[in-house]
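Peer 1: mmCIF, C-alpha atoms, file model.cif:
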```cif
data_query
loop_
_atom_site.group_PDB
_atom_site.id
_atom_site.type_symbol
_atom_site.label_atom_id
_atom_site.label_comp_id
_atom_site.auth_asym_id
_atom_site.auth_seq_id
_atom_site.Cartn_x
_atom_site.Cartn_y
_atom_site.Cartn_z
ATOM 1 C CA MET A 22 29.032 -10.770 73.080
ATOM 2 C CA SER A 23 27.018 -12.470 75.817
ATOM 3 C CA ARG A 24 23.293 -11.999 76.287
ATOM 4 C CA THR A 25 24.077 -10.075 79.472
ATOM 5 C CA ASP A 26 26.280 -7.675 77.508
ATOM 6 C CA GLU A 27 23.571 -7.263 74.878
ATOM 7 C CA ARG A 28 21.079 -6.260 77.568
ATOM 8 C CA ALA A 29 23.575 -3.864 79.109
ATOM 9 C CA LEU A 30 23.911 -2.037 75.791
ATOM 10 C CA SER A 31 20.199 -1.965 74.997
ATOM 11 C CA PRO A 32 18.759 1.491 74.240
ATOM 12 C CA LEU A 33 16.791 3.574 76.680
ATOM 13 C CA PRO A 34 12.985 3.145 76.619
ATOM 14 C CA ASP A 35 11.293 4.332 73.448
ATOM 15 C CA PRO A 36 9.631 7.761 74.037
ATOM 16 C CA ALA A 37 6.559 6.405 72.232
ATOM 17 C CA CYS A 38 6.249 3.766 74.968
ATOM 18 C CA PRO A 39 6.962 5.776 78.124
ATOM 19 C CA PRO A 40 7.954 4.072 81.386
ATOM 20 C CA SER A 41 5.554 3.838 84.273
ATOM 21 C CA ALA A 42 4.150 7.258 85.085
ATOM 22 C CA GLU A 43 3.589 9.104 88.337
ATOM 23 C CA PRO A 44 6.424 7.970 90.589
ATOM 24 C CA HIS A 45 5.357 8.165 94.205
ATOM 25 C CA GLY A 46 6.948 7.901 97.618
ATOM 26 C CA HIS A 47 8.196 10.081 100.490
ATOM 27 C CA GLY A 48 4.636 11.469 100.728
ATOM 28 C CA LEU A 49 4.803 12.830 97.172
ATOM 29 C CA ARG A 50 3.517 11.969 93.731
ATOM 30 C CA LEU A 51 5.227 13.181 90.547
ATOM 31 C CA CYS A 52 2.725 13.954 87.781
ATOM 32 C CA ALA A 53 2.906 15.260 84.240
ATOM 33 C CA TRP A 54 2.219 18.960 83.724
ATOM 34 C CA ASP A 55 -0.910 19.763 81.692
ATOM 35 C CA ALA A 56 -0.496 22.826 79.485
ATOM 36 C CA GLU A 57 -4.263 23.023 79.029
ATOM 37 C CA SER A 58 -4.905 23.208 82.774
ATOM 38 C CA ASP A 59 -5.143 26.785 84.012
ATOM 39 C CA ALA A 60 -4.158 25.632 87.498
ATOM 40 C CA ASP A 61 -0.984 23.997 86.180
ATOM 41 C CA VAL A 62 -0.099 27.040 84.096
ATOM 42 C CA GLU A 63 -0.642 29.346 87.070
ATOM 43 C CA ALA A 64 1.594 27.191 89.302
ATOM 44 C CA TRP A 65 4.298 27.056 86.622
ATOM 45 C CA LEU A 66 4.187 30.835 86.191
ATOM 46 C CA ARG A 67 4.350 31.483 89.947
ATOM 47 C CA GLY A 68 7.298 29.159 90.333
ATOM 48 C CA ARG A 69 9.270 30.668 87.477
ATOM 49 C CA THR A 70 8.595 34.278 88.424
ATOM 50 C CA ASP A 71 9.308 33.805 92.124
ATOM 51 C CA PRO A 72 12.164 36.130 93.204
ATOM 52 C CA ASP A 73 14.069 33.304 94.892
ATOM 53 C CA PHE A 74 13.912 31.208 91.707
ATOM 54 C CA GLN A 75 15.095 34.148 89.625
ATOM 55 C CA ARG A 76 17.950 34.855 92.033
ATOM 56 C CA TRP A 77 19.542 31.500 91.267
ATOM 57 C CA ASN A 78 18.227 30.738 87.763
ATOM 58 C CA THR A 79 18.311 32.641 84.478
ATOM 59 C CA PRO A 80 16.330 30.654 81.879
ATOM 60 C CA LEU A 81 16.873 31.095 78.162
ATOM 61 C CA VAL A 82 13.221 32.137 77.843
ATOM 62 C CA TRP A 83 11.397 33.982 80.619
ATOM 63 C CA ASP A 84 7.772 33.004 81.243
ATOM 64 C CA ALA A 85 6.540 36.519 81.983
ATOM 65 C CA SER A 86 2.835 36.069 81.204
ATOM 66 C CA PHE A 87 0.108 33.483 81.633
ATOM 67 C CA GLU A 88 0.001 32.665 77.929
ATOM 68 C CA GLY A 89 3.789 32.615 77.795
ATOM 69 C CA ALA A 90 3.818 30.084 80.612
ATOM 70 C CA ARG A 91 1.254 27.944 78.788
ATOM 71 C CA GLU A 92 3.387 27.984 75.648
ATOM 72 C CA SER A 93 6.430 27.046 77.732
ATOM 73 C CA LEU A 94 4.581 24.027 79.125
ATOM 74 C CA ARG A 95 3.496 23.036 75.615
ATOM 75 C CA ARG A 96 7.112 23.161 74.406
ATOM 76 C CA ARG A 97 8.188 21.121 77.404
ATOM 77 C CA ALA A 98 5.527 18.500 76.608
ATOM 78 C CA GLU A 99 6.895 18.270 73.053
ATOM 79 C CA SER A 100 10.461 17.718 74.234
ATOM 80 C CA ASP A 101 9.181 15.171 76.775
ATOM 81 C CA ALA A 102 7.499 13.297 73.933
ATOM 82 C CA GLU A 103 10.765 13.356 71.974
ATOM 83 C CA GLY A 104 12.599 11.850 74.935
ATOM 84 C CA THR A 105 15.042 14.716 75.471
ATOM 85 C CA THR A 106 13.455 15.938 78.716
ATOM 86 C CA VAL A 107 11.107 14.754 81.447
ATOM 87 C CA ALA A 108 9.109 17.288 83.465
ATOM 88 C CA PHE A 109 7.223 16.359 86.628
ATOM 89 C CA ARG A 110 4.819 18.425 88.704
ATOM 90 C CA ILE A 111 5.587 17.691 92.359
ATOM 91 C CA THR A 112 2.348 17.099 94.252
ATOM 92 C CA ASP A 113 1.347 16.176 97.790
ATOM 93 C CA ALA A 114 0.372 12.502 97.683
ATOM 94 C CA GLN A 115 -2.717 13.043 99.830
ATOM 95 C CA SER A 116 -4.111 16.427 98.829
ATOM 96 C CA GLY A 117 -2.828 16.562 95.253
ATOM 97 C CA ALA A 118 -1.655 20.154 95.802
ATOM 98 C CA THR A 119 1.107 21.326 93.480
ATOM 99 C CA LEU A 120 4.361 21.892 95.370
ATOM 100 C CA GLY A 121 6.891 22.498 92.611
ATOM 101 C CA GLN A 122 8.748 21.008 89.667
ATOM 102 C CA VAL A 123 11.466 18.389 89.189
ATOM 103 C CA GLY A 124 12.698 17.304 85.802
ATOM 104 C CA LEU A 125 15.412 15.971 83.553
ATOM 105 C CA SER A 126 17.151 17.658 80.646
ATOM 106 C CA GLY A 127 20.024 16.785 78.341
ATOM 107 C CA ILE A 128 19.074 13.113 78.297
ATOM 108 C CA ASP A 129 21.856 11.244 76.472
ATOM 109 C CA ALA A 130 20.664 7.741 75.613
ATOM 110 C CA HIS A 131 24.074 6.627 74.345
ATOM 111 C CA MET A 132 26.035 7.693 77.421
ATOM 112 C CA ARG A 133 23.072 7.023 79.754
ATOM 113 C CA ARG A 134 23.476 10.446 81.295
ATOM 114 C CA ALA A 135 21.026 13.214 82.216
ATOM 115 C CA VAL A 136 20.803 16.431 84.224
ATOM 116 C CA VAL A 137 18.224 16.952 86.979
ATOM 117 C CA GLY A 138 16.829 20.242 88.236
ATOM 118 C CA TYR A 139 14.002 21.359 90.495
ATOM 119 C CA TRP A 140 12.207 24.266 92.119
ATOM 120 C CA VAL A 141 9.664 24.511 94.923
ATOM 121 C CA LEU A 142 6.797 26.972 95.322
ATOM 122 C CA PRO A 143 7.205 29.470 98.198
ATOM 123 C CA GLU A 144 4.367 28.030 100.288
ATOM 124 C CA ALA A 145 5.903 24.523 100.112
ATOM 125 C CA ARG A 146 9.368 25.456 101.363
ATOM 126 C CA GLY A 147 10.695 24.320 104.725
ATOM 127 C CA ARG A 148 9.109 20.861 104.401
ATOM 128 C CA ARG A 149 11.981 19.027 102.650
ATOM 129 C CA VAL A 150 9.934 18.910 99.455
ATOM 130 C CA ALA A 151 12.999 19.440 97.260
ATOM 131 C CA THR A 152 14.942 16.710 99.065
ATOM 132 C CA ARG A 153 12.130 14.193 98.858
ATOM 133 C CA ALA A 154 11.312 15.002 95.222
ATOM 134 C CA LEU A 155 14.936 14.885 94.108
ATOM 135 C CA ASP A 156 15.516 11.469 95.655
ATOM 136 C CA LEU A 157 12.251 10.144 94.227
ATOM 137 C CA ALA A 158 13.073 11.450 90.742
ATOM 138 C CA ALA A 159 16.607 10.043 90.912
ATOM 139 C CA ARG A 160 15.403 6.565 91.844
ATOM 140 C CA TRP A 161 12.824 6.651 89.030
ATOM 141 C CA THR A 162 15.447 7.827 86.550
ATOM 142 C CA PHE A 163 17.784 4.969 87.377
ATOM 143 C CA THR A 164 15.160 2.215 87.461
ATOM 144 C CA GLU A 165 12.757 3.328 84.717
ATOM 145 C CA LEU A 166 15.002 5.152 82.243
ATOM 146 C CA GLY A 167 18.160 3.119 82.724
ATOM 147 C CA ILE A 168 20.260 6.249 83.278
ATOM 148 C CA HIS A 169 23.696 5.546 84.777
ATOM 149 C CA ARG A 170 24.895 9.063 85.650
ATOM 150 C CA LEU A 171 22.599 11.818 86.881
ATOM 151 C CA GLU A 172 24.133 15.282 87.188
ATOM 152 C CA LEU A 173 22.981 18.314 89.159
ATOM 153 C CA ASP A 174 24.513 21.763 89.054
ATOM 154 C CA HIS A 175 23.782 25.015 90.878
ATOM 155 C CA VAL A 176 25.406 28.418 91.033
ATOM 156 C CA VAL A 177 28.113 28.945 93.620
ATOM 157 C CA GLY A 178 26.668 30.464 96.765
ATOM 158 C CA HIS A 179 23.400 28.526 96.689
ATOM 159 C CA ALA A 180 24.132 26.702 99.945
ATOM 160 C CA ALA A 181 20.644 25.177 100.235
ATOM 161 C CA SER A 182 20.995 23.422 96.867
ATOM 162 C CA CYS A 183 24.412 22.114 97.915
ATOM 163 C CA ARG A 184 22.924 20.600 101.086
ATOM 164 C CA ILE A 185 19.975 19.066 99.234
ATOM 165 C CA ALA A 186 22.220 17.543 96.572
ATOM 166 C CA GLU A 187 24.568 15.952 99.095
ATOM 167 C CA ARG A 188 21.667 14.756 101.267
ATOM 168 C CA CYS A 189 20.309 12.932 98.204
ATOM 169 C CA GLY A 190 23.619 11.254 97.384
ATOM 170 C CA PHE A 191 24.842 13.688 94.714
ATOM 171 C CA ALA A 192 28.551 13.974 95.461
ATOM 172 C CA LEU A 193 30.228 17.320 94.878
ATOM 173 C CA GLU A 194 32.639 16.759 91.997
ATOM 174 C CA GLY A 195 34.042 20.213 91.402
ATOM 175 C CA LEU A 196 33.702 23.764 90.171
ATOM 176 C CA MET A 197 32.517 24.632 86.666
ATOM 177 C CA ARG A 198 33.834 28.067 85.751
ATOM 178 C CA GLY A 199 31.413 30.398 83.994
ATOM 179 C CA ALA A 200 28.840 27.625 83.588
ATOM 180 C CA ALA A 201 25.702 29.614 84.469
ATOM 181 C CA PHE A 202 24.225 32.967 83.543
ATOM 182 C CA GLU A 203 24.493 35.829 86.005
ATOM 183 C CA GLU A 204 21.236 36.737 87.735
ATOM 184 C CA GLY A 205 18.853 38.306 85.216
ATOM 185 C CA ARG A 206 21.489 38.437 82.455
ATOM 186 C CA GLN A 207 22.431 36.342 79.453
ATOM 187 C CA ASP A 208 25.584 38.274 78.587
ATOM 188 C CA ALA A 209 27.573 37.490 81.748
ATOM 189 C CA PHE A 210 28.402 34.286 83.560
ATOM 190 C CA ARG A 211 29.025 32.892 87.039
ATOM 191 C CA ASP A 212 30.549 29.706 88.390
ATOM 192 C CA ALA A 213 28.583 26.609 89.334
ATOM 193 C CA HIS A 214 29.099 23.505 91.441
ATOM 194 C CA LEU A 215 28.776 20.115 89.756
ATOM 195 C CA HIS A 216 27.232 17.222 91.687
ATOM 196 C CA ALA A 217 26.486 13.723 90.401
ATOM 197 C CA ARG A 218 24.899 10.483 91.532
ATOM 198 C CA LEU A 219 25.433 7.134 89.819
ATOM 199 C CA ALA A 220 22.960 4.294 89.546
ATOM 200 C CA THR A 221 25.572 2.129 91.293
ATOM 201 C CA ASP A 222 25.949 4.456 94.281
ATOM 202 C CA PRO A 223 24.427 3.264 97.559
ATOM 203 C CA ALA A 224 21.143 4.826 98.617
ATOM 204 C CA PRO A 225 21.861 7.915 100.721
ATOM 205 C CA GLU A 226 21.489 7.694 104.487
ATOM 206 C CA GLY A 227 18.103 8.918 105.643
ATOM 207 C CA MET A 228 16.449 8.311 102.249
ATOM 208 C CA ARG A 229 16.367 4.508 102.337
#
```
Represent the structure of the file as structure tokens.
Peer 2:
Amino acid sequence: MSRTDERALSPLPDPACPPSAEPHGHGLRLCAWDAESDADVEAWLRGRTDPDFQRWNTPLVWDASFEGARESLRRRAESDAEGTTVAFRITDAQSGATLGQVGLSGIDAHMRRAVVGYWVLPEARGRRVATRALDLAARWTFTELGIHRLELDHVVGHAASCRIAERCGFALEGLMRGAAFEEGRQDAFRDAHLHARLATDPAPEGMR
């Protein structure tokens, strides 16, 4: 095996030695959430209890209280430290105001694959925050984590997520039957669209 091949098969960065933090660009900065910050907890709770978020997302655990949201952020920090997830607080690069969340889950170091998801606070909508944050997170994932395939899925009918995904270079690959919970239920399922972007794909038009 050549040295080039050896490098190509090298493992992803060790979680104990995280890659460069706080990706920035497109007028945004992606920061770590702080479970001990009341402001961060409050923003997390507002985002997860927002009716529009709940219309399209049914988490395994609902963050229905302030302390529940804090515990959720603590669990997320633990999984981030283990290298199975990465959670970023989307902030305005100038004011530092929290705008939403973008993060990775299902990180597979062997297959160099991960899943990306995001949400935006109500007051930050209509400013292309999701588009800018998704592209920024994708670029960071490819360059800093060495991920090759980044997947994004959303329930069928969420036209805005479809547009954002395609704008950021996530090609629509097909329909996943019964891949998401029904709204507000964990005993019924609905279909989802699967999008994906590869590290080898060209940068999307308008985001270069």
Peer 1: Between CA of His175 (chain A) and CA of Ala201 (chain A), measure the distance and give it in Å to one decimal.
Peer 2: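 Separation of CA of His175 (chain A) and CA of Ala201 (chain A): 8.1 Å.
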Peer 1: Would you work out the distance separating CA of Glu99 (chain A) from CA of Val150 (chain A), expressed in Å to one decimal?
Peer 2: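 Result for CA of Glu99 (chain A) versus CA of Val150 (chain A): 26.6 Å, one decimal.
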Peer 1: Hey, what's within 12 Å of Leu157 (chain A) if we count only C-alpha atoms and toss same-chain stuff fewer than 4 positions away? As JSON, numbers by chain, please?
Peer 2: {"A": [43, 44, 45, 46, 47, 48, 49, 50, 51, 109, 111, 123, 124, 137, 139, 150, 151, 152, 153, 161, 162, 163, 164, 165, 189, 190, 224, 225, 228, 229]}
Peer 1: Rounded to one decimal in Å, what is the spacing between CA of Leu94 (chain A) and CA of Phe74 (chain A)?
Peer 2: 17.2 Å
Peer 1: Kindly indicate which residue among A:Thr221, A:Gln75, A:Ser126, A:Ser58 lies nearest to Arg97 (chain A), using only C-alpha atoms for the distances.
Peer 2: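 Closest to Arg97 (chain A) of all the choices is A:Ser126.
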Peer 1: So which one's closest to Gly104 (chain A), A:Leu166, A:Arg160, A:Ala64, A:Trp54? Using only C-alpha atoms, please.
Peer 2: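 Using only C-alpha atoms, the shortest distance to Gly104 (chain A) belongs to A:Leu166.
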Peer 1: Given the PyMOL selection byres ((chain A and resi 191) around 7) and the file above, list the residues it selects as a ChimeraX atom specification.
Peer 2: /A:186-187,189-190,192-193,216-218
Peer 1: Take the residues from that selection and put them in a file with C-alpha atoms, as a short mmCIF file (atom, residue, chain, number, x, y, z; two decimals), keeping the file's coordinate frame.
Peer 2:
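So part_18.cif came out as:
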```cif
data_model
loop_
_atom_site.label_atom_id
_atom_site.label_comp_id
_atom_site.auth_asym_id
_atom_site.auth_seq_id
_atom_site.Cartn_x
_atom_site.Cartn_y
_atom_site.Cartn_z
CA ALA A 186 22.22 17.54 96.57
CA GLU A 187 24.57 15.95 99.10
CA CYS A 189 20.31 12.93 98.20
CA GLY A 190 23.62 11.25 97.38
CA ALA A 192 28.55 13.97 95.46
CA LEU A 193 30.23 17.32 94.88
CA HIS A 216 27.23 17.22 91.69
CA ALA A 217 26.49 13.72 90.40
CA ARG A 218 24.90 10.48 91.53
#
```
Peer 1: On this file, the PyMOL selection byres ((chain A and resi 73) around 12) gives some set of residues; write that set as a list in words.
Peer 2: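 The output of the PyMOL selection byres ((chain A and resi 73) around 12) on this file is Arg67, Gly68, Arg69, Thr70, Asp71, Pro72, Phe74, Gln75, Arg76, Trp77, Asn78, Thr79, Trp140, Val141, Leu142, Pro143, Arg146, His179, Ala181, Glu204 and Gly205 of chain A.
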Peer 1: Can you translate the PyMOL selection byres ((chain A and resi 85) around 10) into the concrete residues it hits in this file, as a list in words?
Peer 2: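 That selection, the PyMOL selection byres ((chain A and resi 85) around 10), comes back as Leu66, Arg67, Arg69, Thr70, Val82, Trp83, Asp84, Ser86, Phe87, Glu88, Gly89 and Ala90 of chain A.
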Peer 1: Compare A:Ala220, A:Leu81, A:Ala53, A:Ala158 by their minimum atom-to-atom distance to Asp101 (chain A), counting only C-alpha atoms, and give me the closest one.
Peer 2: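 Among the listed residues, A:Ala53 lies closest to Asp101 (chain A).
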Peer 1: Counting all atoms listed in the file, which of A:Asp156, A:Arg134, A:Ala118, A:Pro223 gets nearest to His169 (chain A)?
Peer 2: A:Arg134
Peer 1: Using all atoms listed in the file for the distances, tell me which of A:Leu125, A:Ala145, A:Arg133, A:Ala159 is nearest to Thr112 (chain A).
Peer 2: A:Ala145
Peer 1: Which of these residues is nearest to Ile185 (chain A), using all atoms listed in the file: A:Ala154, A:Ile168, A:Val136, A:Ala130?
Peer 2: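 Nearest to Ile185 (chain A): A:Ala154.
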Peer 1: Could you pull region 168-179 of chain A out of the structure I just pasted and write it to a file containing all heavy atoms, as a JSON list (two decimals), in the first residue's frame?
Peer 2:
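And here is the file that came out, result01.json:
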```json
[["chain", "number", "residue", "atom", "x", "y", "z"],
["A", 168, "ILE", "N", -15.06, 13.70, 6.58],
["A", 168, "ILE", "CA", -16.26, 12.97, 6.14],
["A", 168, "ILE", "C", -16.34, 12.99, 4.62],
["A", 168, "ILE", "O", -16.04, 14.01, 3.98],
["A", 168, "ILE", "CB", -17.53, 13.61, 6.76],
["A", 168, "ILE", "CG1", -17.57, 13.36, 8.27],
["A", 168, "ILE", "CG2", -18.79, 13.10, 6.09],
["A", 168, "ILE", "CD1", -17.73, 11.91, 8.67],
["A", 169, "HIS", "N", -16.76, 11.87, 4.03],
["A", 169, "HIS", "CA", -16.90, 11.80, 2.57],
["A", 169, "HIS", "C", -18.35, 12.01, 2.13],
["A", 169, "HIS", "O", -18.59, 12.70, 1.13],
["A", 169, "HIS", "CB", -16.44, 10.44, 2.06],
["A", 169, "HIS", "CG", -16.70, 10.23, 0.60],
["A", 169, "HIS", "ND1", -16.08, 10.96, -0.39],
["A", 169, "HIS", "CD2", -17.56, 9.38, -0.04],
["A", 169, "HIS", "CE1", -16.53, 10.57, -1.57],
["A", 169, "HIS", "NE2", -17.44, 9.62, -1.40],
["A", 170, "ARG", "N", -19.30, 11.44, 2.89],
["A", 170, "ARG", "CA", -20.71, 11.54, 2.51],
["A", 170, "ARG", "C", -21.50, 12.14, 3.66],
["A", 170, "ARG", "O", -21.50, 11.61, 4.78],
["A", 170, "ARG", "CB", -21.26, 10.16, 2.14],
["A", 170, "ARG", "CG", -22.76, 10.14, 1.84],
["A", 170, "ARG", "CD", -23.25, 8.73, 1.51],
["A", 170, "ARG", "NE", -24.70, 8.65, 1.47],
["A", 170, "ARG", "CZ", -25.45, 8.92, 0.40],
["A", 170, "ARG", "NH1", -24.88, 9.30, -0.73],
["A", 170, "ARG", "NH2", -26.77, 8.82, 0.45],
["A", 171, "LEU", "N", -22.19, 13.24, 3.37],
["A", 171, "LEU", "CA", -23.00, 13.92, 4.37],
["A", 171, "LEU", "C", -24.46, 13.85, 3.92],
["A", 171, "LEU", "O", -24.81, 14.33, 2.84],
["A", 171, "LEU", "CB", -22.55, 15.37, 4.51],
["A", 171, "LEU", "CG", -23.15, 16.19, 5.66],
["A", 171, "LEU", "CD1", -22.91, 15.52, 7.01],
["A", 171, "LEU", "CD2", -22.56, 17.60, 5.67],
["A", 172, "GLU", "N", -25.29, 13.22, 4.75],
["A", 172, "GLU", "CA", -26.70, 13.02, 4.40],
["A", 172, "GLU", "C", -27.59, 14.00, 5.14],
["A", 172, "GLU", "O", -27.27, 14.47, 6.24],
["A", 172, "GLU", "CB", -27.12, 11.59, 4.74],
["A", 172, "GLU", "CG", -26.36, 10.54, 3.96],
["A", 172, "GLU", "CD", -26.78, 9.12, 4.32],
["A", 172, "GLU", "OE1", -27.57, 8.95, 5.27],
["A", 172, "GLU", "OE2", -26.30, 8.17, 3.65],
["A", 173, "LEU", "N", -28.73, 14.30, 4.53],
["A", 173, "LEU", "CA", -29.74, 15.17, 5.12],
["A", 173, "LEU", "C", -31.10, 14.59, 4.75],
["A", 173, "LEU", "O", -31.33, 14.26, 3.58],
["A", 173, "LEU", "CB", -29.59, 16.59, 4.58],
["A", 173, "LEU", "CG", -30.54, 17.69, 5.08],
["A", 173, "LEU", "CD1", -29.88, 19.06, 4.90],
["A", 173, "LEU", "CD2", -31.88, 17.68, 4.37],
["A", 174, "ASP", "N", -31.97, 14.44, 5.72],
["A", 174, "ASP", "CA", -33.31, 13.97, 5.40],
["A", 174, "ASP", "C", -34.35, 14.87, 6.06],
["A", 174, "ASP", "O", -34.08, 15.51, 7.08],
["A", 174, "ASP", "CB", -33.51, 12.51, 5.80],
["A", 174, "ASP", "CG", -33.38, 12.27, 7.29],
["A", 174, "ASP", "OD1", -34.33, 12.58, 8.03],
["A", 174, "ASP", "OD2", -32.33, 11.75, 7.73],
["A", 175, "HIS", "N", -35.53, 14.94, 5.45],
["A", 175, "HIS", "CA", -36.63, 15.73, 5.99],
["A", 175, "HIS", "C", -37.93, 15.07, 5.59],
["A", 175, "HIS", "O", -37.99, 14.35, 4.57],
["A", 175, "HIS", "CB", -36.58, 17.17, 5.49],
["A", 175, "HIS", "CG", -36.70, 17.28, 4.00],
["A", 175, "HIS", "ND1", -37.91, 17.24, 3.34],
["A", 175, "HIS", "CD2", -35.76, 17.42, 3.03],
["A", 175, "HIS", "CE1", -37.72, 17.35, 2.04],
["A", 175, "HIS", "NE2", -36.41, 17.46, 1.82],
["A", 176, "VAL", "N", -38.98, 15.30, 6.35],
["A", 176, "VAL", "CA", -40.25, 14.66, 6.04],
["A", 176, "VAL", "C", -40.80, 15.20, 4.72],
["A", 176, "VAL", "O", -40.59, 16.37, 4.37],
["A", 176, "VAL", "CB", -41.27, 14.84, 7.18],
["A", 176, "VAL", "CG1", -40.76, 14.21, 8.46],
["A", 176, "VAL", "CG2", -41.62, 16.29, 7.40],
["A", 177, "VAL", "N", -41.50, 14.35, 4.01],
["A", 177, "VAL", "CA", -42.13, 14.74, 2.76],
["A", 177, "VAL", "C", -43.16, 15.85, 3.03],
["A", 177, "VAL", "O", -43.93, 15.78, 3.99],
["A", 177, "VAL", "CB", -42.81, 13.53, 2.10],
["A", 177, "VAL", "CG1", -43.63, 13.98, 0.89],
["A", 177, "VAL", "CG2", -41.77, 12.51, 1.67],
["A", 178, "GLY", "N", -43.12, 16.87, 2.21],
["A", 178, "GLY", "CA", -44.01, 18.00, 2.39],
["A", 178, "GLY", "C", -43.31, 19.23, 2.93],
["A", 178, "GLY", "O", -43.86, 20.34, 2.85],
["A", 179, "HIS", "N", -42.10, 19.05, 3.46],
["A", 179, "HIS", "CA", -41.35, 20.19, 3.99],
["A", 179, "HIS", "C", -40.58, 20.82, 2.83],
["A", 179, "HIS", "O", -39.37, 20.62, 2.67],
["A", 179, "HIS", "CB", -40.40, 19.72, 5.09],
["A", 179, "HIS", "CG", -39.91, 20.82, 5.97],
["A", 179, "HIS", "ND1", -39.97, 22.15, 5.62],
["A", 179, "HIS", "CD2", -39.33, 20.79, 7.21],
["A", 179, "HIS", "CE1", -39.46, 22.88, 6.59],
["A", 179, "HIS", "NE2", -39.07, 22.08, 7.56]]
```
